[in-house]
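Source file: final-v3.txt. Holds: compact mmCIF, C-alpha atoms.
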# COMPACT_ATOMS: atom_id res chain seq x y z
CA SER A 49 4.16 146.82 15.04
CA LYS A 50 2.76 143.71 16.68
CA GLU A 51 -0.77 145.03 16.41
CA THR A 52 -0.15 145.98 12.78
CA LEU A 53 1.17 142.50 12.00
CA LEU A 54 -1.74 140.83 13.74
CA SER A 55 -4.16 143.09 11.94
CA PHE A 56 -2.53 142.22 8.63
CA MET A 57 -2.57 138.46 9.32
CA ASN A 58 -6.23 138.61 10.29
CA THR A 59 -7.20 140.38 7.09
CA VAL A 60 -10.11 138.60 5.45
CA LEU A 61 -9.33 137.55 1.90
CA TRP A 62 -12.74 136.16 1.12
CA SER A 63 -15.65 134.72 3.05
CA GLY A 64 -18.76 132.69 2.65
CA GLU A 65 -21.88 131.79 4.56
CA ASP A 66 -20.12 129.75 7.25
CA TYR A 67 -16.43 130.50 6.78
CA THR A 68 -13.84 133.25 6.44
CA VAL A 69 -10.39 132.88 4.87
CA THR A 70 -7.75 135.13 6.40
CA ILE A 71 -4.11 135.59 5.49
CA SER A 72 -2.97 133.74 8.62
CA LYS A 73 -5.19 130.74 7.82
CA LEU A 74 -3.97 130.65 4.23
CA VAL A 75 -0.28 130.88 5.23
CA TYR A 76 -0.74 128.15 7.83
CA ALA A 77 -2.48 125.90 5.29
CA VAL A 78 0.25 126.48 2.69
CA MET A 79 2.99 125.63 5.20
CA ILE A 80 1.23 122.39 6.14
CA PHE A 81 0.64 121.59 2.47
CA ILE A 82 4.33 122.10 1.56
CA SER A 83 5.43 119.99 4.53
CA SER A 84 3.01 117.30 3.43
CA PHE A 85 4.89 117.04 0.12
CA PHE A 86 8.00 115.77 1.88
CA LEU A 87 6.01 113.57 4.26
CA SER A 88 4.09 112.03 1.35
CA ASN A 89 7.32 111.40 -0.56
CA ARG A 90 9.00 109.70 2.39
CA GLY A 91 5.91 107.69 3.31
CA SER A 92 5.26 106.44 -0.22
CA ARG A 93 8.92 105.46 -0.69
CA TRP A 94 8.86 103.55 2.61
CA ILE A 95 5.80 101.64 1.42
CA GLN A 96 7.55 100.99 -1.91
CA ARG A 97 10.56 99.43 -0.17
CA THR A 98 8.26 97.36 2.05
CA VAL A 99 6.32 96.04 -0.95
CA LEU A 100 9.52 95.08 -2.77
CA LYS A 101 10.96 93.40 0.32
CA LYS A 102 7.92 91.43 1.45
CA PHE A 103 6.16 90.56 -1.79
CA SER A 104 9.13 90.45 -4.22
CA SER A 105 7.27 92.70 -6.61
CA ASP A 106 9.03 93.95 -9.72
CA ILE A 107 10.45 97.46 -9.64
CA THR A 108 8.03 98.82 -12.26
CA ALA A 109 4.94 97.79 -10.28
CA ALA A 110 6.52 99.09 -7.08
CA ASN A 111 7.21 102.47 -8.72
CA ALA A 112 3.63 102.68 -9.97
CA THR A 113 2.36 101.90 -6.46
CA GLN A 114 4.68 104.52 -4.98
CA ARG A 115 3.47 107.24 -7.35
CA ILE A 116 -0.21 106.50 -6.72
CA LEU A 117 0.30 106.46 -2.95
CA PHE A 118 2.23 109.72 -3.15
CA TYR A 119 -0.64 111.57 -4.77
CA ILE A 120 -3.19 109.95 -2.45
CA LEU A 121 -1.20 110.95 0.64
CA TRP A 122 -0.57 114.44 -0.69
CA PHE A 123 -4.27 115.03 -1.37
CA SER A 124 -5.11 113.61 2.07
CA PHE A 125 -2.67 116.02 3.72
CA PHE A 126 -4.24 118.84 1.73
CA LEU A 127 -7.66 118.01 3.18
CA ILE A 128 -6.14 117.74 6.67
CA ALA A 129 -4.51 121.17 6.26
CA LEU A 130 -7.85 122.73 5.34
CA GLN A 131 -9.54 121.03 8.26
CA MET A 132 -6.91 122.25 10.75
CA VAL A 133 -7.36 125.88 9.74
CA ARG A 134 -11.15 125.43 9.39
CA ILE A 135 -11.32 126.26 5.70
CA PRO A 136 -13.97 124.22 3.87
CA LEU A 137 -13.16 122.85 0.44
CA THR A 138 -16.02 124.90 -1.01
CA ALA A 139 -13.98 128.02 -0.28
CA PHE A 140 -11.85 127.24 -3.33
CA ALA A 141 -14.75 126.64 -5.67
CA PHE A 142 -14.14 129.94 -7.43
CA LEU A 143 -10.64 128.70 -8.35
CA GLY A 144 -12.11 125.94 -10.52
CA GLY A 145 -12.33 128.14 -13.60
CA ALA A 146 -8.77 129.37 -13.13
CA MET A 147 -7.50 125.79 -12.77
CA VAL A 148 -9.27 124.77 -15.97
CA LEU A 149 -7.61 127.63 -17.81
CA ALA A 150 -4.22 126.75 -16.31
CA ILE A 151 -4.56 123.13 -17.43
CA GLY A 152 -5.73 124.23 -20.86
CA PHE A 153 -2.75 126.56 -21.42
CA GLY A 154 0.27 126.35 -19.14
CA ALA A 155 -0.12 122.95 -17.47
CA GLN A 156 -1.41 120.91 -20.41
CA ASN A 157 1.92 119.17 -21.07
CA LEU A 158 2.40 118.48 -17.36
CA PHE A 159 -0.92 116.66 -16.99
CA ASN A 160 -0.41 114.92 -20.32
CA ASN A 161 2.92 113.53 -19.13
CA LEU A 162 1.41 112.51 -15.78
CA ILE A 163 -1.37 110.55 -17.46
CA SER A 164 1.10 109.02 -19.95
CA GLY A 165 3.33 107.95 -17.06
CA PHE A 166 0.52 106.01 -15.39
CA ILE A 167 -0.43 104.43 -18.73
CA ILE A 168 3.18 103.22 -19.18
CA MET A 169 3.35 101.92 -15.61
CA PHE A 170 0.16 99.86 -15.94
CA SER A 171 0.30 98.78 -19.61
CA ARG A 172 4.04 98.04 -19.18
CA PRO A 173 5.31 98.18 -22.78
CA PHE A 174 8.73 98.22 -21.13
CA GLN A 175 10.01 97.90 -17.59
CA VAL A 176 12.95 99.05 -15.51
CA ASP A 177 16.19 97.32 -16.67
CA ASP A 178 14.76 96.64 -20.15
CA ILE A 179 16.92 97.60 -23.14
CA VAL A 180 15.02 99.93 -25.45
CA GLU A 181 15.70 101.96 -28.58
CA ILE A 182 13.96 105.28 -29.23
CA ASP A 183 14.97 107.51 -32.17
CA ASN A 184 18.43 105.89 -32.46
CA VAL A 185 18.95 106.22 -28.69
CA THR A 186 19.63 102.80 -27.18
CA GLY A 187 20.08 102.11 -23.50
CA THR A 188 18.73 100.63 -20.29
CA VAL A 189 15.58 101.94 -18.63
CA GLU A 190 16.71 103.22 -15.24
CA GLU A 191 13.53 104.85 -13.96
CA ILE A 192 9.92 105.30 -15.06
CA GLY A 193 8.64 108.42 -13.33
CA SER A 194 5.24 110.05 -13.27
CA ARG A 195 6.34 112.76 -15.73
CA SER A 196 9.43 111.38 -17.52
CA THR A 197 11.48 108.24 -18.09
CA ARG A 198 15.26 108.06 -17.62
CA ILE A 199 17.35 105.92 -19.96
CA LYS A 200 21.07 105.26 -19.50
CA THR A 201 22.89 104.83 -22.83
CA TRP A 202 25.88 102.58 -23.52
CA ASP A 203 28.09 105.68 -23.22
CA ASN A 204 26.82 106.11 -19.63
CA PHE A 205 24.74 109.19 -20.44
CA ASP A 206 21.31 109.76 -18.92
CA VAL A 207 18.59 110.62 -21.44
CA ILE A 208 15.39 112.07 -19.97
CA LEU A 209 12.33 111.62 -22.20
CA PRO A 210 8.79 112.92 -21.45
CA ASN A 211 6.30 110.08 -21.02
CA ARG A 212 4.02 111.59 -23.64
CA TYR A 213 6.82 111.29 -26.20
CA LEU A 214 7.23 107.57 -25.44
CA LEU A 215 3.56 106.88 -26.13
CA GLU A 216 3.48 108.87 -29.36
CA ASN A 217 6.66 107.47 -30.95
CA LYS A 218 8.10 104.09 -31.88
CA VAL A 219 9.83 102.28 -29.01
CA VAL A 220 11.80 99.09 -29.68
CA ASN A 221 12.11 96.83 -26.62
CA TRP A 222 15.15 94.65 -27.28
CA SER A 223 14.91 92.59 -24.10
CA GLY A 224 11.12 92.22 -23.95
CA GLY A 225 11.00 91.72 -20.20
CA ASP A 226 13.90 89.26 -20.02
CA LYS A 227 17.65 89.53 -20.57
CA LYS A 228 17.93 87.39 -23.70
CA MET A 229 18.87 89.53 -26.68
CA ARG A 230 19.31 88.37 -30.27
CA ASP A 231 22.19 89.74 -32.30
CA ARG A 232 23.57 88.99 -35.74
CA LEU A 233 26.92 88.62 -37.42
CA VAL A 234 27.14 89.24 -41.19
CA LEU A 235 29.88 87.58 -43.24
CA GLU A 236 30.71 87.99 -46.92
CA VAL A 237 32.99 85.52 -48.76
CA ARG A 238 34.08 85.11 -52.33
CA HIS A 239 31.86 83.44 -54.93
CA ASP A 240 34.14 80.41 -55.25
CA SER A 241 33.87 79.58 -51.52
CA ASP A 242 32.18 76.40 -50.28
CA SER A 243 28.87 77.69 -48.91
CA ARG A 244 28.25 74.62 -46.74
CA LYS A 245 31.71 74.89 -45.23
CA VAL A 246 31.14 78.55 -44.39
CA GLU A 247 27.82 77.71 -42.71
CA GLU A 248 29.48 74.93 -40.73
CA LEU A 249 32.25 77.23 -39.51
CA LEU A 250 29.77 79.89 -38.38
CA LEU A 251 27.60 77.43 -36.46
CA LYS A 252 30.58 75.72 -34.81
CA MET A 253 32.04 79.04 -33.75
CA ALA A 254 28.72 80.13 -32.18
CA LYS A 255 28.13 76.81 -30.41
CA ASP A 256 31.66 76.73 -28.99
CA HIS A 257 31.45 80.25 -27.58
CA SER A 258 30.73 80.16 -23.84
CA LYS A 259 28.59 83.32 -23.84
CA VAL A 260 26.28 82.31 -26.72
CA LEU A 261 23.07 80.68 -25.47
CA LYS A 262 22.31 77.13 -26.53
CA ASP A 263 18.57 77.79 -26.25
CA PRO A 264 17.46 79.43 -28.48
CA ALA A 265 20.00 77.78 -30.72
CA PRO A 266 22.03 79.89 -33.16
CA PHE A 267 21.32 79.48 -36.87
CA VAL A 268 22.77 80.67 -40.19
CA LEU A 269 20.98 82.06 -43.24
CA PHE A 270 22.53 82.21 -46.71
CA GLY A 271 21.42 85.70 -47.56
CA ASN A 272 22.11 86.63 -51.15
CA PHE A 273 24.47 86.65 -54.11
CA ALA A 274 26.13 90.08 -54.06
CA GLU A 275 28.16 91.52 -56.90
CA SER A 276 31.47 90.17 -55.59
CA SER A 277 30.51 88.02 -52.60
CA LEU A 278 28.20 85.48 -50.95
CA THR A 279 26.40 86.86 -47.90
CA PHE A 280 25.79 84.82 -44.72
CA THR A 281 24.12 85.96 -41.49
CA LEU A 282 24.64 84.23 -38.15
CA PHE A 283 21.85 84.79 -35.59
CA PHE A 284 22.67 84.14 -31.94
CA TRP A 285 21.30 84.97 -28.47
CA VAL A 286 23.16 86.38 -25.47
CA ASP A 287 22.10 86.74 -21.84
CA LEU A 288 22.75 90.41 -21.10
CA ASP A 289 23.24 89.64 -17.41
CA GLN A 290 26.29 87.58 -18.40
CA ALA A 291 27.80 89.41 -21.38
CA SER A 292 27.39 92.16 -23.95
CA SER A 293 26.20 91.06 -27.37
CA ALA A 294 28.51 93.59 -29.05
CA LYS A 295 31.56 92.18 -27.24
CA VAL A 296 30.54 88.60 -28.03
CA ALA A 297 30.15 89.47 -31.72
CA SER A 298 33.56 91.16 -31.74
CA ASP A 299 35.17 88.14 -30.11
CA MET A 300 33.59 85.81 -32.68
CA ARG A 301 34.85 87.96 -35.57
CA HIS A 302 38.42 87.58 -34.31
CA HIS A 303 38.00 83.83 -34.09
CA LEU A 304 36.19 83.62 -37.42
CA LEU A 305 38.96 85.47 -39.28
CA TYR A 306 41.49 82.97 -37.98
CA GLN A 307 39.30 79.99 -39.00
CA LEU A 308 38.66 81.37 -42.49
CA ARG A 309 42.37 81.81 -43.13
CA ALA A 310 43.07 78.30 -41.84
CA GLU A 311 40.44 76.83 -44.20
CA GLY A 312 41.63 78.87 -47.17
CA ILE A 313 38.38 80.84 -47.48
CA ASP A 314 39.03 84.34 -48.74
CA LEU A 315 37.08 87.49 -48.04
CA PRO A 316 35.85 89.41 -51.09
CA PHE A 317 37.24 92.64 -52.39
CA PRO A 318 35.95 94.99 -55.09
CA GLN A 319 36.94 93.88 -58.59
CA MET A 320 36.87 95.66 -61.92
CA ASP A 321 37.46 94.09 -65.34
CA VAL A 322 39.18 96.39 -67.84
CA HIS A 323 39.08 95.39 -71.52
CA LEU A 324 41.64 97.06 -73.80
CA GLN A 325 41.01 97.37 -77.51
CA PRO A 326 43.99 96.59 -79.81
CA ALA A 327 45.72 99.66 -81.18
CA ALA A 328 44.87 100.63 -84.79
CA SER A 329 47.63 100.13 -87.43
CA ALA A 330 49.35 103.01 -89.27
CA ALA A 331 47.63 102.02 -92.55
CA GLU A 332 44.25 102.33 -90.93
CA HIS A 333 45.16 105.76 -89.63
CA SER A 334 46.36 106.96 -93.05
CA ALA A 335 43.22 105.65 -94.67
Show the structure stored in the file as structure tokens.
Amino acid sequence: SKETLLSFMNTVLWSGEDYTVTISKLVYAVMIFISSFFLSNRGSRWIQRTVLKKFSSDITAANATQRILFYILWFSFFLIALQMVRIPLTAFAFLGGAMVLAIGFGAQNLFNNLISGFIIMFSRPFQVDDIVEIDNVTGTVEEIGSRSTRIKTWDNFDVILPNRYLLENKVVNWSGGDKKMRDRLVLEVRHDSDSRKVEELLLKMAKDHSKVLKDPAPFVLFGNFAESSLTFTLFFWVDLDQASSAKVASDMRHHLLYQLRAEGIDLPFPQMDVHLQPAASAAEHSA
């Protein structure tokens, strides 16, 4: 059995002018190559942590560095594995056509997502911790990987999107690299309300709120004359590290409702005018 096993392991798969590839050499190279995956992953992550700690680099640049180093180390280990089992790189030249076909058919999306991931990492349309909106999905960018990007929604769900999809579709970056986010509060009042008084109340409420930023300063726009109301829009900025814009807007609505009632300003409601024609007399009916 031992002789049979040795004979099997020494079976020549293919050979060239100055090399022979046996089953034992190929198995040994594959084992080293698989082990190198874990070594490359650990080594690149250690370098990533070192870069972040020593140079205070942002997480997006550190992730891009980690991914590039991972592939460099993995390819280096691949060459070392071939060298240890004395298999020259030219021994795999015949696999070039098969790899081209694999990329053209089965692995096309994989390589497309890999390339898209590096484009996102270096062009940086958004970064880790940015708030983005993609196809009505809004959340915080948690990780930008080489193949996909992970976004955590407000409902604490993880949404995994292929990098190719992010480059081909509209992405709204609400934070734009910082944590200042603009939000709006829309108010409708009756036509007989004092427009200047309403504007004054909105601005005072925003300026008095502790979570609304003073710079940029909030402002109010008198939007339009609706069918049964006057429309005002308050624009304000919130630091997302300190508060949620949705919670701030909700808090201001509570306060605004109290102020409007105190000032005697009413909110509109749908109205309908009904005109009744006088009833016809009996003489008119008989005629």
Please report the interatomic distance between CA of Leu209 (chain A) and CA of Asn184 (chain A) in Å with one decimal.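 Between CA of Leu209 (chain A) and CA of Asn184 (chain A) the gap is 13.2 Å.
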Provide the CA of Val176 (chain A) to CA of Thr188 (chain A) distance in Å, to one decimal place.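 Going from CA of Val176 (chain A) over to CA of Thr188 (chain A) covers 7.7 Å.
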So how many Å separate CA of Val260 (chain A) and CA of His303 (chain A), to one decimal? 13.9 Å
Give me, as number ranges by chain, all polymer residues having an atom no more than 9 Å from region 227-236 of chain A, counting all atoms listed in the file and skipping those fewer than 5 positions away in the same chain. A: 177-179, 222, 261, 274, 276-289, 293-294, 297, 300-301, 315-316
Out of A:Val220, A:Leu305, A:Val78, A:Met57, which residue has the shortest atom-to-atom distance to Ile128 (chain A) when counting only C-alpha atoms?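 The closest residue to Ile128 (chain A) is A:Val78.
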Looking at A:Ser292, A:Asn217, A:Ser83, A:Ser164, which one is nearest to Trp202 (chain A), with distances taken over only C-alpha atoms?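 Nearest candidate to Trp202 (chain A) out of A:Ser292, A:Asn217, A:Ser83, A:Ser164: A:Ser292.
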Show me, as a list in words, the residues that have an atom within 6 Å of Thr186 (chain A) when counting all atoms listed in the file, minus same-chain residues fewer than 4 positions from it.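 Counting all atoms listed in the file, the residues come to Val180, Glu181 and Thr201 of chain A.
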Which protein, DNA or RNA residues have an atom at most 10 Å from (40.3, 77.3, -47.9), counting all atoms listed in the file? List them as a short mmCIF file (atom, residue, chain, number, x, y, z; two decimals) with C-alpha atoms, keeping the file's coordinate frame.
data_model
loop_
_atom_site.label_atom_id
_atom_site.label_comp_id
_atom_site.auth_asym_id
_atom_site.auth_seq_id
_atom_site.Cartn_x
_atom_site.Cartn_y
_atom_site.Cartn_z
CA SER A 241 33.87 79.58 -51.52
CA ASP A 242 32.18 76.40 -50.28
CA LYS A 245 31.71 74.89 -45.23
CA VAL A 246 31.14 78.55 -44.39
CA GLN A 307 39.30 79.99 -39.00
CA LEU A 308 38.66 81.37 -42.49
CA ARG A 309 42.37 81.81 -43.13
CA ALA A 310 43.07 78.30 -41.84
CA GLU A 311 40.44 76.83 -44.20
CA GLY A 312 41.63 78.87 -47.17
CA ILE A 313 38.38 80.84 -47.48
CA ASP A 314 39.03 84.34 -48.74
#
